[in-house]
Amino acid sequence: MKKHIYILALLLITLSACKKDEVVGGTAVQDVSGEWWLQVQVVDQEGEIIEDYSDEAYTGWSTYNTADNSNTQMWFDDGGNYWVVKGKVNINLANKTFSGENIQNESYDSKFTITNGKILVGAAIGPVSKAVTDSISYTATFDDDDNNFIYHFKGYRRTKFSGDDH
């Protein structure tokens, strides 16, 4: 009888220790967050192309949620891969557009402006995998650019297929 009580107690303890996993939610800006591969076209104030988009020259960028999980701002970060840019841009989630004027650069003492930012769902294709992914484009200016160039960026969300990484 003692043996049955021990088995029953052990069974009750085991069953009471099982909990259902909590459902983990996403972030407010999860639809526009991610890693991006971008190319750049540099234009002077007269519209002359200084540097054109190159099939080989991609740079990595990231977009991600703010600490307060805002649905009106997201972090915009090149990870030190291009101009060393990190700042919060304004986001319109319904239109998947983003922008910001004189954004404080958190990487060093400077400011940058983002205009015409747009993410298009399913509008890009990975170059090797041919996987459908999102496209991104925007225009940037940097207050510490002595030439006052205008930078047009375009690219695609990272597919996570190694052939599509640059």
# chains A, B, ... in the order shown; residues from 1 in each chain; ligands from 1

$ select_by_dssp --residues "chain A" --states "helix (DSSP H, G or I)" --output "PyMOL selection string"
chain A and resi 2-17+162-164

$ residues_around --residues "Glu101 in chain A" --least-positions-apart "5" --cutoff "9 Å" --atoms "only C-alpha atoms" --output "list in words"
Val89, Lys111, Phe112, Thr113, Ile114 and Thr115 of chain A

$ residues_around --residues "Phe161 in chain A" --least-positions-apart "3" --cutoff "9 Å" --atoms "only C-alpha atoms" --output "MDAnalysis selection string"
chainID A and resid 126 128:129 131 158 164:165

$ closest_residue --among "A:Thr141, A:Asn71, A:Thr159, A:Thr133" --to "Gly100 in chain A" --atoms "only C-alpha atoms"
A:Thr141

$ residues_around --residues "Tyr58 in chain A" --least-positions-apart "2" --cutoff "7 Å" --atoms "only C-alpha atoms" --output "list in words"
Trp37, Leu38, Gln39, Glu56, Gly60 and His166 of chain A

$ residues_around --residues "Gln104 in chain A" --least-positions-apart "5" --cutoff "9 Å" --atoms "only C-alpha atoms" --output "MDAnalysis selection string"
chainID A and resid 86:88 109:112

$ write_last_selection --atoms "N, CA and C atoms" --output "compact mmCIF listing (two decimals), in the first residue's frame"
# COMPACT_ATOMS: atom_id res chain seq x y z
N LYS A 86 23.16 54.90 -36.59
CA LYS A 86 22.22 54.23 -35.70
C LYS A 86 21.33 55.31 -35.10
N GLY A 87 20.04 55.22 -35.37
CA GLY A 87 19.11 56.20 -34.84
C GLY A 87 17.68 55.72 -34.99
N LYS A 88 16.78 56.41 -34.34
CA LYS A 88 15.36 56.06 -34.38
C LYS A 88 14.67 56.84 -35.48
N ASP A 109 28.69 61.70 -32.71
CA ASP A 109 27.98 62.98 -32.69
C ASP A 109 27.74 63.50 -34.11
N SER A 110 26.61 63.16 -34.66
CA SER A 110 26.20 63.62 -35.99
C SER A 110 24.70 63.42 -36.11
N LYS A 111 24.14 63.91 -37.21
CA LYS A 111 22.72 63.73 -37.47
C LYS A 111 22.54 63.30 -38.92
N PHE A 112 21.43 62.62 -39.17
CA PHE A 112 21.11 62.21 -40.53
C PHE A 112 19.61 62.35 -40.75
